[in-house]
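Listing of my_file.csv; format and content: CSV, C-alpha atoms.
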```csv
chain,number,residue,atom,x,y,z
A,24,MET,CA,120.1,-85.2,-60.2
A,25,SER,CA,117.6,-88.1,-60.2
A,26,ASN,CA,118.9,-90.8,-62.6
A,27,THR,CA,117.3,-93.7,-60.7
A,28,PHE,CA,113.7,-94.9,-61.0
A,29,GLY,CA,111.9,-97.5,-58.9
A,30,HIS,CA,111.9,-98.7,-55.3
A,31,TYR,CA,112.4,-102.5,-55.5
A,32,TYR,CA,113.2,-102.8,-59.2
A,33,ARG,CA,115.6,-99.9,-59.5
A,34,VAL,CA,116.8,-98.6,-62.8
A,35,THR,CA,119.7,-96.2,-63.2
A,36,THR,CA,120.5,-94.9,-66.7
A,37,PHE,CA,123.7,-93.1,-67.7
A,38,GLY,CA,125.4,-91.5,-70.7
A,39,GLU,CA,125.0,-88.5,-73.0
A,40,SER,CA,123.7,-88.3,-76.5
A,41,HIS,CA,127.0,-87.7,-78.2
A,42,GLY,CA,129.3,-89.3,-75.5
A,43,GLY,CA,131.0,-92.6,-75.7
A,44,MET,CA,128.1,-94.8,-74.6
A,45,VAL,CA,124.7,-95.0,-72.9
A,46,GLY,CA,123.3,-97.7,-70.8
A,47,ALA,CA,121.6,-98.8,-67.5
A,48,VAL,CA,122.1,-100.6,-64.3
A,49,VAL,CA,119.2,-102.7,-62.9
A,50,ASP,CA,119.3,-103.4,-59.2
A,51,GLY,CA,116.7,-105.6,-57.5
A,52,CYS,CA,116.0,-107.9,-60.5
A,53,PRO,CA,114.9,-111.4,-59.3
A,54,SER,CA,117.3,-114.3,-59.8
A,55,ARG,CA,117.0,-117.2,-62.2
A,56,ILE,CA,115.2,-115.4,-65.0
A,57,PRO,CA,116.3,-116.7,-68.4
A,58,LEU,CA,118.1,-113.8,-70.1
A,59,ASP,CA,120.6,-113.1,-72.8
A,60,ALA,CA,121.4,-110.0,-74.9
A,61,ALA,CA,119.1,-111.1,-77.7
A,62,ASP,CA,116.0,-110.7,-75.4
A,63,ILE,CA,117.0,-107.1,-74.8
A,64,GLN,CA,118.1,-106.5,-78.4
A,65,LEU,CA,114.6,-107.1,-79.8
A,66,GLN,CA,113.2,-104.0,-78.1
A,67,LEU,CA,116.3,-101.9,-78.7
A,68,ASP,CA,116.0,-102.6,-82.4
A,69,ARG,CA,112.5,-101.2,-82.3
A,70,ARG,CA,113.7,-98.0,-80.6
A,71,ARG,CA,116.9,-97.4,-82.5
A,72,PRO,CA,117.3,-94.4,-85.0
A,73,GLY,CA,117.7,-94.7,-88.7
A,74,GLN,CA,115.0,-97.3,-89.2
A,75,ASN,CA,113.2,-95.6,-92.1
A,76,ALA,CA,112.3,-92.3,-93.7
A,77,LEU,CA,110.0,-91.4,-90.7
A,78,THR,CA,112.9,-91.3,-88.2
A,79,THR,CA,116.2,-89.4,-87.7
A,80,ALA,CA,119.0,-90.2,-90.1
A,81,ARG,CA,121.4,-90.9,-87.2
A,82,ASN,CA,122.7,-94.4,-87.8
A,83,GLU,CA,123.2,-96.4,-84.6
A,84,THR,CA,123.2,-100.2,-84.3
A,85,ASP,CA,122.5,-100.0,-80.6
A,86,ARG,CA,124.1,-103.4,-79.9
A,87,VAL,CA,123.8,-104.2,-76.2
A,88,SER,CA,126.4,-105.8,-74.0
A,89,ILE,CA,125.5,-107.3,-70.6
A,90,VAL,CA,128.5,-106.9,-68.4
A,91,SER,CA,127.3,-108.1,-65.0
A,92,GLY,CA,124.4,-109.9,-63.2
A,93,VAL,CA,123.9,-112.7,-65.7
A,94,ALA,CA,125.6,-116.1,-65.8
A,95,ASP,CA,124.8,-119.2,-67.9
A,96,GLY,CA,121.8,-117.5,-69.3
A,97,LEU,CA,120.2,-116.8,-65.9
A,98,THR,CA,120.0,-113.6,-63.8
A,99,LEU,CA,121.9,-113.8,-60.6
A,100,GLY,CA,119.8,-111.4,-58.5
A,101,THR,CA,122.8,-109.0,-58.5
A,102,PRO,CA,123.0,-105.7,-60.4
A,103,ILE,CA,122.7,-106.1,-64.1
A,104,ALA,CA,124.8,-103.5,-66.1
A,105,MET,CA,124.2,-103.0,-69.8
A,106,LEU,CA,126.2,-100.9,-72.3
A,107,VAL,CA,125.4,-99.6,-75.7
A,108,HIS,CA,128.2,-97.7,-77.6
A,109,ASN,CA,127.4,-94.5,-79.5
A,110,ASP,CA,128.9,-94.8,-83.0
A,111,ASP,CA,127.4,-92.0,-85.1
A,112,THR,CA,128.2,-89.0,-83.0
A,113,ARG,CA,128.7,-85.5,-84.4
A,114,PRO,CA,129.5,-83.2,-81.5
A,115,VAL,CA,130.9,-80.5,-83.8
A,116,ASP,CA,127.4,-79.9,-85.1
A,117,TYR,CA,126.4,-78.5,-81.7
A,118,ARG,CA,129.2,-76.0,-80.9
A,119,ARG,CA,127.1,-73.0,-81.5
A,120,PHE,CA,124.7,-74.0,-78.9
A,121,THR,CA,127.2,-73.2,-76.1
A,122,GLU,CA,126.1,-69.6,-76.9
A,123,ILE,CA,122.5,-70.0,-78.1
A,124,PRO,CA,120.0,-72.1,-76.3
A,125,ARG,CA,117.8,-74.0,-78.7
A,126,PRO,CA,114.0,-73.2,-78.5
A,127,SER,CA,112.1,-75.7,-76.4
A,128,HIS,CA,115.2,-77.7,-75.6
A,129,ALA,CA,116.7,-78.2,-72.1
A,130,ASP,CA,119.9,-76.3,-72.9
A,131,ALA,CA,119.0,-73.2,-70.9
A,132,THR,CA,117.4,-75.0,-68.0
A,133,TYR,CA,120.3,-77.4,-67.5
A,134,ARG,CA,122.6,-74.5,-67.5
A,135,ALA,CA,120.4,-72.6,-65.0
A,136,LYS,CA,120.5,-75.7,-62.7
A,137,TYR,CA,124.1,-76.9,-63.0
A,138,GLY,CA,126.0,-73.9,-64.4
A,139,VAL,CA,127.0,-76.1,-67.4
A,140,SER,CA,125.2,-78.1,-70.1
A,141,ALA,CA,126.3,-80.9,-72.4
A,142,GLY,CA,128.0,-79.4,-75.5
A,143,SER,CA,126.2,-81.6,-78.0
A,144,GLY,CA,122.9,-83.2,-78.7
A,145,GLY,CA,121.1,-82.4,-75.5
A,146,GLY,CA,123.2,-84.6,-73.3
A,147,ARG,CA,121.0,-86.4,-70.7
A,148,ALA,CA,117.9,-84.5,-71.9
A,149,SER,CA,118.2,-86.2,-75.3
A,150,ALA,CA,116.0,-89.1,-76.3
A,151,ARG,CA,119.2,-91.1,-76.7
A,152,GLU,CA,119.0,-91.6,-72.9
A,153,THR,CA,116.0,-93.9,-73.4
A,154,VAL,CA,118.3,-96.7,-74.7
A,155,GLY,CA,119.0,-97.6,-71.0
A,156,ARG,CA,115.3,-97.5,-70.2
A,157,VAL,CA,114.4,-99.8,-73.0
A,158,ALA,CA,117.1,-102.3,-72.0
A,159,ALA,CA,116.0,-102.3,-68.4
A,160,GLY,CA,112.4,-102.6,-69.4
A,161,ALA,CA,113.0,-105.6,-71.6
A,162,ILE,CA,114.4,-107.5,-68.5
A,163,ALA,CA,111.4,-106.4,-66.4
A,164,GLU,CA,109.1,-107.6,-69.2
A,165,GLN,CA,110.8,-110.9,-69.4
A,166,TRP,CA,110.1,-111.6,-65.7
A,167,LEU,CA,106.5,-110.3,-65.9
A,168,ARG,CA,105.8,-112.5,-68.9
A,169,ILE,CA,107.4,-115.7,-67.4
A,170,ARG,CA,106.2,-115.3,-63.8
A,171,TRP,CA,102.8,-113.7,-64.3
A,172,GLY,CA,101.8,-114.1,-67.9
A,173,ILE,CA,101.6,-110.4,-68.4
A,174,THR,CA,101.7,-108.9,-71.9
A,175,ILE,CA,102.3,-105.2,-72.6
A,176,VAL,CA,101.5,-103.8,-76.0
A,177,ALA,CA,101.7,-100.1,-77.1
A,178,TRP,CA,100.8,-98.5,-80.4
A,179,VAL,CA,100.5,-95.2,-82.1
A,180,SER,CA,96.9,-94.0,-81.8
A,181,ALA,CA,97.2,-90.5,-83.2
A,182,VAL,CA,99.6,-88.3,-85.2
A,183,GLY,CA,98.7,-84.7,-85.5
A,184,ASP,CA,95.0,-84.6,-86.3
A,185,ILE,CA,94.9,-88.2,-87.6
A,186,ASP,CA,93.2,-90.5,-85.1
A,187,ALA,CA,93.2,-94.3,-85.3
A,188,PRO,CA,90.0,-96.2,-84.3
A,189,GLU,CA,89.8,-97.3,-80.7
A,190,LEU,CA,91.6,-100.7,-80.5
A,191,GLU,CA,91.6,-101.3,-76.8
A,192,GLY,CA,90.4,-104.8,-76.0
A,193,ALA,CA,91.0,-106.0,-79.6
A,194,GLY,CA,93.9,-108.2,-78.7
A,195,ILE,CA,96.4,-106.2,-80.7
A,196,ASP,CA,99.9,-107.7,-80.6
A,197,ARG,CA,103.4,-106.3,-81.5
A,198,ALA,CA,103.4,-108.1,-84.9
A,199,ALA,CA,100.3,-106.1,-85.8
A,200,VAL,CA,101.8,-102.9,-84.4
A,201,ASP,CA,105.1,-103.3,-86.3
A,202,ARG,CA,103.4,-104.1,-89.6
A,203,HIS,CA,103.7,-100.4,-90.6
A,204,PRO,CA,106.6,-98.2,-89.7
A,205,VAL,CA,104.3,-95.7,-88.0
A,206,ARG,CA,103.5,-98.5,-85.5
A,207,CYS,CA,99.7,-98.0,-85.8
A,208,PRO,CA,97.9,-101.4,-86.3
A,209,ASP,CA,95.1,-99.8,-88.3
A,210,ALA,CA,96.2,-99.8,-92.0
A,211,ALA,CA,94.2,-96.8,-93.2
A,212,ALA,CA,95.1,-94.6,-90.2
A,213,ALA,CA,98.7,-95.7,-90.5
A,214,ALA,CA,98.9,-94.6,-94.1
A,215,ALA,CA,97.4,-91.2,-93.3
A,216,MET,CA,99.7,-90.8,-90.3
A,217,GLU,CA,102.7,-91.5,-92.5
A,218,GLN,CA,101.7,-88.8,-95.0
A,219,THR,CA,101.3,-86.3,-92.1
A,220,ILE,CA,104.8,-87.1,-90.8
A,221,LEU,CA,106.3,-86.9,-94.2
A,222,ALA,CA,104.6,-83.6,-95.0
A,223,ALA,CA,105.9,-82.1,-91.7
A,224,ARG,CA,109.4,-83.3,-92.5
A,225,ASP,CA,109.3,-81.9,-96.1
A,226,ALA,CA,108.1,-78.6,-94.7
A,227,GLY,CA,111.1,-78.5,-92.3
A,228,ASP,CA,108.7,-79.0,-89.4
A,229,SER,CA,107.6,-81.6,-86.9
A,230,VAL,CA,104.4,-83.1,-85.5
A,231,GLY,CA,103.2,-84.7,-82.2
A,232,GLY,CA,101.0,-87.7,-81.4
A,233,LEU,CA,99.6,-90.2,-79.0
A,234,VAL,CA,100.7,-93.6,-77.9
A,235,THR,CA,98.1,-96.0,-76.3
A,236,CYS,CA,99.3,-98.8,-74.1
A,237,GLU,CA,97.4,-101.9,-72.9
A,238,CYS,CA,98.6,-104.3,-70.2
A,239,ARG,CA,96.9,-107.6,-70.0
A,240,GLY,CA,97.0,-110.2,-67.2
A,241,VAL,CA,98.0,-107.9,-64.4
A,242,PRO,CA,96.6,-109.5,-61.2
A,243,PRO,CA,94.3,-107.5,-58.9
A,244,GLY,CA,95.9,-106.0,-55.8
A,245,TRP,CA,99.0,-104.3,-57.2
A,246,GLY,CA,99.7,-100.7,-56.2
A,247,GLU,CA,100.5,-98.8,-53.0
A,248,PRO,CA,98.0,-96.2,-51.8
A,249,VAL,CA,98.0,-93.5,-51.1
A,250,PHE,CA,101.0,-91.8,-52.7
A,251,GLY,CA,102.2,-94.9,-54.5
A,252,LYS,CA,99.1,-95.5,-56.5
A,253,LEU,CA,99.7,-97.6,-59.5
A,254,HIS,CA,98.4,-95.1,-62.0
A,255,ALA,CA,100.4,-92.4,-60.3
A,256,MET,CA,103.6,-94.4,-60.7
A,257,LEU,CA,102.7,-95.1,-64.4
A,258,ALA,CA,102.1,-91.4,-64.9
A,259,ALA,CA,105.4,-90.5,-63.3
A,260,ALA,CA,107.2,-93.0,-65.5
A,261,GLN,CA,105.6,-92.0,-68.7
A,262,ILE,CA,105.9,-88.2,-68.2
A,263,SER,CA,109.6,-88.7,-67.5
A,264,ILE,CA,110.1,-89.8,-71.2
A,265,PRO,CA,111.6,-87.0,-73.3
A,266,ALA,CA,108.9,-85.1,-75.3
A,267,ALA,CA,106.0,-86.6,-73.2
A,268,ARG,CA,103.5,-84.0,-72.3
A,269,ALA,CA,100.3,-85.6,-70.9
A,270,PHE,CA,99.1,-88.9,-69.4
A,271,GLU,CA,95.5,-90.2,-69.1
A,272,ILE,CA,94.2,-93.5,-68.0
A,273,GLY,CA,90.9,-95.2,-68.8
A,274,ALA,CA,88.4,-92.6,-69.8
A,275,GLY,CA,91.0,-89.9,-69.0
A,276,MET,CA,90.0,-86.4,-69.8
A,277,ALA,CA,86.7,-87.5,-71.2
A,278,ALA,CA,85.7,-88.5,-67.6
A,279,ALA,CA,85.4,-84.8,-66.7
A,280,ARG,CA,82.5,-84.6,-69.1
A,281,MET,CA,80.7,-87.7,-68.0
A,282,GLN,CA,78.2,-88.4,-65.3
A,283,GLY,CA,78.7,-91.0,-62.6
A,284,SER,CA,76.1,-93.2,-64.1
A,285,GLN,CA,78.1,-93.2,-67.3
A,286,HIS,CA,81.5,-93.6,-65.9
A,287,ASN,CA,80.9,-96.2,-63.2
A,288,ASP,CA,82.3,-99.7,-64.1
A,289,MET,CA,79.6,-102.2,-63.0
A,290,TYR,CA,80.7,-105.5,-61.5
A,291,VAL,CA,80.0,-108.9,-63.0
A,292,MET,CA,81.4,-112.4,-62.7
A,293,LYS,CA,84.0,-113.2,-65.4
A,294,ASP,CA,85.4,-116.8,-65.5
A,295,GLY,CA,84.9,-117.2,-61.8
A,296,ARG,CA,86.3,-113.9,-60.7
A,297,LEU,CA,84.8,-110.5,-60.1
A,298,GLY,CA,85.3,-108.2,-63.1
A,299,THR,CA,83.7,-105.1,-64.7
A,300,VAL,CA,81.4,-104.6,-67.7
A,301,THR,CA,83.2,-101.4,-68.8
A,302,ASN,CA,86.7,-100.2,-68.2
A,303,HIS,CA,86.5,-96.5,-67.7
A,304,SER,CA,88.8,-96.8,-64.8
A,305,GLY,CA,91.5,-98.2,-67.0
A,306,GLY,CA,92.1,-101.3,-64.9
A,307,ILE,CA,93.0,-99.4,-61.7
A,308,GLN,CA,90.7,-98.3,-58.9
A,309,GLY,CA,91.8,-96.5,-55.7
A,310,GLY,CA,95.4,-96.8,-57.1
A,311,ILE,CA,95.2,-100.6,-57.1
A,312,SER,CA,94.9,-102.9,-60.1
A,313,ASN,CA,91.5,-104.6,-60.4
A,314,GLY,CA,92.3,-107.4,-62.8
A,315,GLU,CA,91.0,-105.7,-65.9
A,316,PRO,CA,93.4,-104.6,-68.6
A,317,ILE,CA,95.4,-101.5,-67.7
A,318,VAL,CA,94.8,-99.0,-70.5
A,319,PHE,CA,96.4,-95.5,-70.8
A,320,ARG,CA,97.6,-93.0,-73.3
A,321,VAL,CA,100.7,-90.7,-73.5
A,322,ALA,CA,100.8,-87.5,-75.5
A,323,PHE,CA,104.1,-86.5,-77.1
A,324,LYS,CA,104.9,-83.0,-78.3
A,325,PRO,CA,106.3,-82.2,-81.8
A,326,PRO,CA,110.2,-82.6,-81.7
A,327,ALA,CA,111.8,-79.3,-80.8
A,328,THR,CA,114.6,-79.7,-83.4
A,329,ILE,CA,113.2,-78.7,-86.8
A,330,ALA,CA,114.8,-78.0,-90.2
A,331,ARG,CA,113.7,-74.4,-90.2
A,332,SER,CA,115.5,-71.2,-89.2
A,333,GLN,CA,114.0,-69.7,-86.0
A,334,ARG,CA,114.3,-66.3,-84.4
A,335,THR,CA,115.5,-66.6,-80.8
A,336,ALA,CA,118.0,-65.1,-78.4
A,337,GLY,CA,121.4,-66.1,-77.1
A,338,TYR,CA,122.5,-66.4,-73.5
A,339,ASP,CA,123.5,-62.7,-73.8
A,340,GLY,CA,120.0,-61.7,-74.8
A,341,VAL,CA,121.0,-60.7,-78.3
A,342,ASP,CA,118.5,-61.7,-81.0
A,343,GLN,CA,119.8,-64.5,-83.2
A,344,GLU,CA,118.8,-66.4,-86.3
A,345,LEU,CA,119.2,-70.0,-85.4
A,346,ALA,CA,119.6,-72.3,-88.3
A,347,ALA,CA,118.6,-76.0,-87.9
A,348,VAL,CA,121.5,-78.2,-86.9
A,349,GLY,CA,121.5,-81.9,-86.1
A,350,ARG,CA,119.5,-84.9,-87.1
A,351,HIS,CA,116.1,-85.4,-85.7
A,352,ASP,CA,112.8,-87.3,-85.9
A,353,PRO,CA,109.9,-85.4,-87.6
A,354,CYS,CA,107.7,-87.3,-85.2
A,355,VAL,CA,108.8,-89.2,-82.1
A,356,VAL,CA,105.8,-91.5,-81.5
A,357,PRO,CA,106.8,-94.4,-83.7
A,358,ARG,CA,110.1,-94.8,-81.8
A,359,ALA,CA,108.4,-93.9,-78.5
A,360,VAL,CA,106.3,-97.1,-78.6
A,361,PRO,CA,109.0,-99.4,-77.1
A,362,VAL,CA,110.0,-96.7,-74.6
A,363,VAL,CA,106.4,-96.5,-73.3
A,364,GLU,CA,106.4,-100.3,-73.0
A,365,ALA,CA,109.7,-100.3,-71.2
A,366,MET,CA,108.7,-97.8,-68.6
A,367,THR,CA,105.4,-99.7,-68.1
A,368,ALA,CA,107.2,-102.9,-67.5
A,369,ILE,CA,109.6,-101.2,-65.0
A,370,VAL,CA,106.6,-99.9,-63.0
A,371,LEU,CA,104.8,-103.2,-63.0
A,372,ALA,CA,107.9,-105.1,-62.0
A,373,ASP,CA,108.3,-102.7,-59.1
A,374,ALA,CA,104.7,-103.1,-58.1
A,375,ALA,CA,105.0,-106.9,-58.2
A,376,LEU,CA,108.1,-106.9,-56.0
A,377,SER,CA,106.3,-104.6,-53.6
A,378,ALA,CA,103.3,-106.8,-53.4
A,379,TYR,CA,105.1,-110.1,-52.5
A,380,PRO,CA,107.6,-111.2,-49.8
A,381,SER,CA,111.3,-111.6,-50.6
A,382,CYS,CA,111.0,-115.3,-51.6
A,383,GLU,CA,108.4,-114.5,-54.2
A,384,ARG,CA,110.6,-111.7,-55.6
A,385,ASN,CA,113.1,-114.4,-56.5
A,386,GLY,CA,110.4,-116.7,-58.0
A,387,TYR,CA,110.2,-119.4,-55.4
A,388,ASP,CA,108.8,-120.1,-51.9
A,389,SER,CA,109.6,-122.6,-49.2
A,390,THR,CA,106.4,-124.8,-49.8
A,391,ASP,CA,106.1,-125.0,-53.5
A,392,GLY,CA,109.8,-125.4,-54.5
A,393,PRO,CA,111.5,-123.6,-57.3
A,394,ARG,CA,109.7,-121.7,-59.9
A,395,PRO,CA,111.0,-120.0,-63.1
```

Could you write out this file's structure as structure tokens?
Amino acid sequence: MSNTFGHYYRVTTFGESHGGMVGAVVDGCPSRIPLDAADIQLQLDRRRPGQNALTTARNETDRVSIVSGVADGLTLGTPIAMLVHNDDTRPVDYRRFTEIPRPSHADATYRAKYGVSAGSGGGRASARETVGRVAAGAIAEQWLRIRWGITIVAWVSAVGDIDAPELEGAGIDRAAVDRHPVRCPDAAAAAAMEQTILAARDAGDSVGGLVTCECRGVPPGWGEPVFGKLHAMLAAAQISIPAARAFEIGAGMAAARMQGSQHNDMYVMKDGRLGTVTNHSGGIQGGISNGEPIVFRVAFKPPATIARSQRTAGYDGVDQELAAVGRHDPCVVPRAVPVVEAMTAIVLADAALSAYPSCERNGYDSTDGPRP
């Protein structure tokens, strides 16, 4: 089972949805990065359940503890282990699913692979697993911001058939994103999205959506062709998020309907460096960052757990009426925003560590002296 992501900045997550705890171990993090639990908690608070009427009613505080790899407020360069206890677990709610696989969940596929599946809440396939990703991504983001000045901002750009205006390049920040619980920075679109989510919830159903992410300040030259292309690594990271179903960068699917004269990003000088007039490539060409903002979108399916009875079959093949059990989000995209940001930071940290020698990985070199 692959529970580790990354080559140089390696993240291993652990824990099940209704087990004792979840968390992550980060190996390869550079030393001397200012870090304490509060830096991580900011993003965990944005991801946690029970925030408002648009999310699951599961009530978890998601308080993180750093148990290794940090001393006196600085990273040591050694593995960083982080723990988050599960407080609001209800494994008894899921006993029936030992006999009946839930539609569009991973119950049956985990059992097919391992001969056993977690008895409650989806186990490792649950979105609860993303707690560790967010914690690890917050550390990566801290280093990227301090060392490179990189900012990563994601927002909800669609829910169901409600689309927000294109906001790429508008300098959206997280304060604007978090102004509405839907996490769409356009007020009118956010209000319509909220009504769509609440209508799905009240009907005992669920709805999907899109998250757009923009990375600013990424230097040119990051990415490892040909099989380690930066956009390929971003795609792998984002598609590994529970409920993620599609990834597109730059013009994305629309590029298939364009001509080369429309899609080509023409070069110009920008503040003394070569840049492009348009950004149909999404900041990556040939698998390597070109210095323009990296812009991509991730599509999330409607949550599989819904508050309606569904006709299905048990493991014995006998037809069953499956009543809804468990707490769930009627739409995952508002809480997916910090997860998308976290996986992006992990990929960019890995790309940065790949691009520079070992001394640069730790933030210093022999000629310039120490750096933060």

Name all residues at most 12 Å from Leu371 (chain A) (count only C-alpha atoms; drop same-chain ones fewer than 2 positions away) and give them as an MDAnalysis selection string.
chainID A and resid 29:33 160 162:168 171 173:175 238:242 244:247 252:257 260 311:312 317 364:369 373:378

Which residues are close to region 128-136 of chain A, i.e. within 9 Å by only C-alpha atoms, leaving aside same-chain residues fewer than 6 positions away? Reply as a VMD selection string.
chain A and resid 120 to 121 145 to 146 148 to 149 327 to 328 338

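Residues lying within 12 Å of Ser91 (chain A), counting only C-alpha atoms and ignoring same-chain neighbours fewer than 4 positions away, are Ala47, Val48, Val49, Asp50, Leu58, Asp59, Ala60, Asp95, Gly96, Leu97, Thr98, Leu99, Gly100, Thr101, Pro102, Ile103, Ala104, Met105 and Leu106 of chain A.
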
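Near region 280-295 of chain A, within 12 Å and counting only C-alpha atoms, sit Gly273, Ala274, Gly275, Met276, Ala277, Gly298, Thr299, Val300, Thr301, Asn302, His303, Ser304, Gly305, Gly306, Ile307, Gln308, Asn313, Gly314 and Glu315 of chain A, not including residues fewer than 3 positions from it in the same chain.
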
Can you pull out every residue within 7 Å of Arg70 (chain A), counting all atoms listed in the file, but drop anything in the same chain fewer than 2 positions away, and send it as a ChimeraX atom specification?
/A:66-68,72,358,361

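Take CA of Ile169 (chain A) and CA of Cys52 (chain A): the distance between them is 13.5 Å.
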
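Ranking A:Gly172, A:Pro204, A:Pro316, A:Gly309 by their shortest atom-to-atom distance to Glu237 (chain A), with all atoms listed in the file included, puts A:Pro316 first.
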
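Minimum distance to Val45 (chain A) across A:Val360, A:Ile220, A:Ala150, A:Ala177 (counting only C-alpha atoms) occurs at A:Ala150.
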
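One distance worth recording is that between CA of Gly232 (chain A) and CA of Val205 (chain A), which is 10.9 Å.
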